[in-house]
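**Q** Next up is a structure, given as structure tokens.
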Amino acid sequence: RKPLKLLDIGCGDGDFAIKLGSLGYDVYGLEISRDAAKRARARGVKAFAGSAEKEFPFKENFFDAVYAGDVIEHIYDTDFFIEEVRKVLKPGGSFIITTPNLASFSNRIMLLFGKLPIGSEIRLGKDMAGHIRNYTFPALENQLRDHKFIIVKKISSNVMFPVKRNVPVLRDLAIKLGDHVSNTGSHIIMVCKKSA
């Protein structure tokens with residue numbers, strides 16, 4: 001049996017793609033930085049340099065799964081991006097997407113005190129991550145459904161508390177809460193499938 005083909009969008013220099021490859025996947029990468037894509041290729045990843053905001057350089061119905069970790073918040077035309085993902089996925093293929101959660105517990109507290117939520121940016125600059133889109137669980141879910149994706153699972157990594165120190169008890173609680181009250185978690189993690 002042939003290994004499943006997986007696309008890592010925003011693969012960087014290939015760290016995550018290499019881990020996936022070690023699990024038996026046939027991993028491809030798409031990376032906006034030519035230098036990073038070159039480093040990923042040197043490490044054995046089938047990495048292509050290109051923007052996630054332009055037509056993907058892959059055939060239709062090519063991949064069994066697509067992973068986009070913290071990419072969509074950097075994209076201007078998110079509908080075009082999701083359609084490109086849909087186009088390269090096989091029917092029934094999996095799309096795993098992550099993005100910061102605007103409605104996280106810590107962001108709600110920050111807004112309560114008039115502070116800008118984590119991950120929201122008002123300008124470009126060397127200290128900025130380049131986030132131009134903000135998502136909540138319902139917003140991302142609705143957009144994916146508009147593009148005929150079926151939501152399979154919604155989770156969050158953890159619920160961050162607005163404290164400056166890493167407190168072990170709070171850290172453990174944060175991880176557990178991320179599994180049970182994901183709408184307030186720091187990140188949105190969504191698994192969906194391309195409908196036929």
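Residue numbering restarts at 1 in every chain; chains get A, B, ... in the order shown in the structure tokens, and ligands count up from 1 in that same order.
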Find the spatial neighbours of region 187-191 of chain A, counting only C-alpha atoms, within a cut-off of 7 Å - ignore same-chain residues fewer than 3 positions away - and output them as JSON, numbers by chain.

**A** {"A": [94, 95, 96, 97, 98, 99, 100, 101, 137, 151, 152, 153, 154, 155, 156, 157]}

**Q** Which of region 95-153 of chain A counts as strand (DSSP E) under DSSP, as an mmCIF file with C-alpha atoms, in the first residue's frame please?

**A**
data_model
loop_
_atom_site.group_PDB
_atom_site.id
_atom_site.type_symbol
_atom_site.label_atom_id
_atom_site.label_comp_id
_atom_site.auth_asym_id
_atom_site.auth_seq_id
_atom_site.Cartn_x
_atom_site.Cartn_y
_atom_site.Cartn_z
ATOM 1 C CA PHE A 95 -7.932 19.178 6.585
ATOM 2 C CA ILE A 96 -6.318 20.016 9.932
ATOM 3 C CA ILE A 97 -6.172 23.733 10.663
ATOM 4 C CA THR A 98 -5.006 25.730 13.683
ATOM 5 C CA THR A 99 -5.159 29.440 14.447
ATOM 6 C CA PRO A 100 -5.099 31.665 17.553
ATOM 7 C CA PHE A 149 -16.010 20.816 4.680
ATOM 8 C CA ILE A 150 -17.494 18.528 7.310
ATOM 9 C CA ILE A 151 -16.266 19.320 10.839
ATOM 10 C CA VAL A 152 -14.996 16.170 12.553
ATOM 11 C CA LYS A 153 -13.362 17.510 15.728
#

**Q** Applying 10 Å and only C-alpha atoms, which residues near Lys87 (chain A) remain after dropping the ones on its own chain fewer than 3 positions away? List them as an MDAnalysis selection string.

**A** chainID A and resid 55:56 58:63 81:84 90:91 194

**Q** Do you know which residues are at most 6 Å from region 17-34 of chain A counting only C-alpha atoms, after dropping those on the same chain fewer than 3 positions away, and could you put them as a PDB file with N, CA and C atoms, in the first residue's frame?

**A**
ATOM      1  N   PRO A   3       2.105   5.039   0.772  1.00  0.00           N
ATOM      2  CA  PRO A   3       1.907   5.920   1.934  1.00  0.00           C
ATOM      3  C   PRO A   3       0.958   7.060   1.592  1.00  0.00           C
ATOM      4  N   LEU A   4       0.236   7.542   2.598  1.00  0.00           N
ATOM      5  CA  LEU A   4      -0.685   8.660   2.404  1.00  0.00           C
ATOM      6  C   LEU A   4       0.102   9.929   2.103  1.00  0.00           C
ATOM      7  N   LYS A   5      -0.404  10.725   1.172  1.00  0.00           N
ATOM      8  CA  LYS A   5       0.240  11.990   0.804  1.00  0.00           C
ATOM      9  C   LYS A   5      -0.308  13.105   1.688  1.00  0.00           C
ATOM     10  N   LEU A   6       0.592  13.848   2.289  1.00  0.00           N
ATOM     11  CA  LEU A   6       0.205  14.920   3.201  1.00  0.00           C
ATOM     12  C   LEU A   6       0.906  16.210   2.812  1.00  0.00           C
ATOM     13  N   LEU A   7       0.173  17.327   2.823  1.00  0.00           N
ATOM     14  CA  LEU A   7       0.739  18.644   2.542  1.00  0.00           C
ATOM     15  C   LEU A   7       0.810  19.456   3.832  1.00  0.00           C
ATOM     16  N   ASP A   8       2.007  19.965   4.132  1.00  0.00           N
ATOM     17  CA  ASP A   8       2.228  20.851   5.278  1.00  0.00           C
ATOM     18  C   ASP A   8       2.365  22.271   4.732  1.00  0.00           C
ATOM     19  N   ILE A   9       1.321  23.078   4.920  1.00  0.00           N
ATOM     20  CA  ILE A   9       1.346  24.467   4.435  1.00  0.00           C
ATOM     21  C   ILE A   9       2.034  25.334   5.478  1.00  0.00           C
ATOM     22  N   GLY A  10       3.040  26.089   5.029  1.00  0.00           N
ATOM     23  CA  GLY A  10       3.849  26.875   5.957  1.00  0.00           C
ATOM     24  C   GLY A  10       4.844  25.978   6.653  1.00  0.00           C
ATOM     25  N   CYS A  11       5.507  25.130   5.861  1.00  0.00           N
ATOM     26  CA  CYS A  11       6.356  24.067   6.437  1.00  0.00           C
ATOM     27  C   CYS A  11       7.669  24.568   7.023  1.00  0.00           C
ATOM     28  N   GLY A  12       8.008  25.845   6.807  1.00  0.00           N
ATOM     29  CA  GLY A  12       9.275  26.353   7.336  1.00  0.00           C
ATOM     30  C   GLY A  12      10.438  25.548   6.791  1.00  0.00           C
ATOM     31  N   GLY A  14      11.067  22.536   7.591  1.00  0.00           N
ATOM     32  CA  GLY A  14      10.711  21.129   7.498  1.00  0.00           C
ATOM     33  C   GLY A  14      10.640  20.336   8.783  1.00  0.00           C
ATOM     34  N   ALA A  37      12.209  26.970   2.299  1.00  0.00           N
ATOM     35  CA  ALA A  37      11.826  25.849   1.430  1.00  0.00           C
ATOM     36  C   ALA A  37      13.070  25.102   0.943  1.00  0.00           C
ATOM     37  N   LYS A  46       9.680  17.314   0.313  1.00  0.00           N
ATOM     38  CA  LYS A  46       9.327  17.760  -1.045  1.00  0.00           C
ATOM     39  C   LYS A  46       8.683  19.136  -0.927  1.00  0.00           C
ATOM     40  N   ALA A  47       9.520  20.140  -0.664  1.00  0.00           N
ATOM     41  CA  ALA A  47       9.024  21.483  -0.359  1.00  0.00           C
ATOM     42  C   ALA A  47       9.038  22.371  -1.599  1.00  0.00           C
ATOM     43  N   PHE A  48       7.950  23.118  -1.763  1.00  0.00           N
ATOM     44  CA  PHE A  48       7.803  24.065  -2.858  1.00  0.00           C
ATOM     45  C   PHE A  48       7.752  25.468  -2.274  1.00  0.00           C
ATOM     46  N   ALA A  49       8.465  26.402  -2.889  1.00  0.00           N
ATOM     47  CA  ALA A  49       8.385  27.801  -2.482  1.00  0.00           C
ATOM     48  C   ALA A  49       7.176  28.425  -3.158  1.00  0.00           C
ATOM     49  N   GLY A  50       6.331  29.045  -2.385  1.00  0.00           N
ATOM     50  CA  GLY A  50       5.153  29.688  -2.951  1.00  0.00           C
ATOM     51  C   GLY A  50       4.243  30.218  -1.871  1.00  0.00           C
ATOM     52  N   SER A  51       3.349  31.102  -2.270  1.00  0.00           N
ATOM     53  CA  SER A  51       2.416  31.733  -1.349  1.00  0.00           C
ATOM     54  C   SER A  51       1.145  30.904  -1.204  1.00  0.00           C
TER      55      SER A  51
END

**Q** With only C-alpha atoms as the counted atoms, please give the residues lying no more than 10 Å from Arg133 (chain A), apart from itself and same-chain residues fewer than 4 positions off, as number ranges by chain.

**A** A: 72-78, 99-100, 102, 119-121

**Q** Those same residues, written as a compact mmCIF listing (two decimals), in the first residue's frame with all heavy atoms?

**A**
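The new file result-v7.txt reads:
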# COMPACT_ATOMS: atom_id res chain seq x y z
N ILE A 72 -3.68 30.64 8.48
CA ILE A 72 -4.83 31.39 7.96
C ILE A 72 -4.90 32.81 8.51
O ILE A 72 -5.39 33.72 7.83
CB ILE A 72 -6.15 30.62 8.20
CG1 ILE A 72 -7.26 31.17 7.29
CG2 ILE A 72 -6.55 30.61 9.67
CD1 ILE A 72 -8.50 30.31 7.22
N GLU A 73 -4.39 33.04 9.72
CA GLU A 73 -4.46 34.39 10.29
C GLU A 73 -3.54 35.38 9.58
O GLU A 73 -3.62 36.58 9.79
CB GLU A 73 -4.16 34.36 11.80
CG GLU A 73 -2.75 33.97 12.16
CD GLU A 73 -2.56 32.47 12.33
OE1 GLU A 73 -3.43 31.68 11.90
OE2 GLU A 73 -1.53 32.09 12.92
N HIS A 74 -2.66 34.88 8.71
CA HIS A 74 -1.75 35.73 7.94
C HIS A 74 -2.26 36.01 6.53
O HIS A 74 -1.60 36.69 5.76
CB HIS A 74 -0.38 35.04 7.81
CG HIS A 74 0.27 34.77 9.12
ND1 HIS A 74 1.09 35.68 9.75
CD2 HIS A 74 0.23 33.68 9.93
CE1 HIS A 74 1.53 35.16 10.90
NE2 HIS A 74 1.01 33.96 11.03
N ILE A 75 -3.42 35.46 6.17
CA ILE A 75 -3.87 35.47 4.78
C ILE A 75 -4.96 36.51 4.55
O ILE A 75 -5.90 36.63 5.33
CB ILE A 75 -4.35 34.05 4.40
CG1 ILE A 75 -3.13 33.14 4.33
CG2 ILE A 75 -5.13 34.04 3.09
CD1 ILE A 75 -3.43 31.72 4.04
N TYR A 76 -4.81 37.23 3.44
CA TYR A 76 -5.79 38.27 3.09
C TYR A 76 -7.09 37.63 2.60
O TYR A 76 -8.14 37.88 3.15
CB TYR A 76 -5.19 39.20 2.02
CG TYR A 76 -6.15 40.25 1.56
CD1 TYR A 76 -6.48 41.33 2.37
CD2 TYR A 76 -6.77 40.16 0.32
CE1 TYR A 76 -7.39 42.29 1.96
CE2 TYR A 76 -7.68 41.12 -0.10
CZ TYR A 76 -7.98 42.18 0.72
OH TYR A 76 -8.88 43.11 0.32
N ASP A 77 -7.01 36.80 1.55
CA ASP A 77 -8.22 36.18 0.98
C ASP A 77 -8.35 34.75 1.49
O ASP A 77 -7.91 33.79 0.85
CB ASP A 77 -8.16 36.21 -0.55
CG ASP A 77 -9.46 35.78 -1.22
OD1 ASP A 77 -10.35 35.23 -0.51
OD2 ASP A 77 -9.60 35.98 -2.44
N THR A 78 -8.96 34.62 2.65
CA THR A 78 -9.05 33.31 3.30
C THR A 78 -9.98 32.35 2.55
O THR A 78 -9.77 31.14 2.60
CB THR A 78 -9.51 33.46 4.76
OG1 THR A 78 -10.74 34.20 4.78
CG2 THR A 78 -8.47 34.21 5.58
N THR A 99 -5.31 27.98 14.46
CA THR A 99 -5.16 29.44 14.45
C THR A 99 -5.40 29.96 15.86
O THR A 99 -6.11 29.32 16.65
CB THR A 99 -6.15 30.08 13.44
OG1 THR A 99 -5.82 31.47 13.29
CG2 THR A 99 -7.59 29.94 13.86
N PRO A 100 -4.81 31.10 16.23
CA PRO A 100 -5.10 31.66 17.55
C PRO A 100 -6.60 31.95 17.72
O PRO A 100 -7.28 32.27 16.75
CB PRO A 100 -4.29 32.96 17.57
CG PRO A 100 -3.17 32.72 16.61
CD PRO A 100 -3.77 31.87 15.52
N LEU A 102 -9.40 34.26 19.08
CA LEU A 102 -9.68 35.61 19.54
C LEU A 102 -10.49 35.59 20.84
O LEU A 102 -10.32 36.46 21.69
CB LEU A 102 -10.45 36.38 18.46
CG LEU A 102 -10.86 37.81 18.80
CD1 LEU A 102 -9.63 38.69 19.00
CD2 LEU A 102 -11.77 38.38 17.73
N GLY A 119 -2.28 38.33 19.83
CA GLY A 119 -2.38 37.92 18.43
C GLY A 119 -3.06 38.93 17.54
O GLY A 119 -3.01 38.82 16.32
N SER A 120 -3.71 39.94 18.13
CA SER A 120 -4.31 41.01 17.33
C SER A 120 -3.25 42.09 17.17
O SER A 120 -2.60 42.48 18.14
CB SER A 120 -5.53 41.60 18.03
OG SER A 120 -6.52 40.61 18.16
N GLU A 121 -3.07 42.56 15.95
CA GLU A 121 -2.00 43.52 15.69
C GLU A 121 -2.54 44.73 14.94
O GLU A 121 -3.40 44.59 14.07
CB GLU A 121 -0.88 42.84 14.88
CG GLU A 121 -0.25 41.70 15.67
CD GLU A 121 0.72 40.87 14.87
OE1 GLU A 121 0.80 41.03 13.65
OE2 GLU A 121 1.43 40.06 15.50

**Q** Compare A:Ala129, A:Phe80, A:Ala139, A:Phe16 by their minimum atom-to-atom distance to Val45 (chain A), counting only C-alpha atoms, and give me the closest one.

**A**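 Closest residue, counting only C-alpha atoms: A:Phe16.
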
**Q** CA of Val66 (chain A) and CA of Arg43 (chain A) are how many Å apart?

**A** 20.0 Å

**Q** So which residues of chain A fall under alpha helix (DSSP H) by DSSP, listed as a ChimeraX atom specification?

**A** /A:15-22,34-42,78-88,105-112,137-146,168-180

**Q** Select, from A:Ala196, A:Ala40, A:Ile109, A:Val85, the residue with the minimum atom-to-atom distance to Ala68 (chain A), counting only C-alpha atoms.

**A** A:Val85

**Q** Please determine, counting only C-alpha atoms, which residue among A:Ala42, A:Ala36, A:Ile118, A:Ala103 has the shortest atom-to-atom distance to His131 (chain A).

**A**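 Looking at the shortest contact to His131 (chain A), the residue is A:Ile118.
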
**Q** Please, what distance in Å, to one decimal, runs between CA of Arg108 (chain A) and CA of Ser186 (chain A)?

**A** 10.9 Å

**Q** Considering only C-alpha atoms, state which residue in the set A:Gly125, A:Ala52, A:Pro138, A:Gly130 is at the smallest distance from Asp79 (chain A).

**A**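 Result for the nearest residue to Asp79 (chain A): A:Ala52.
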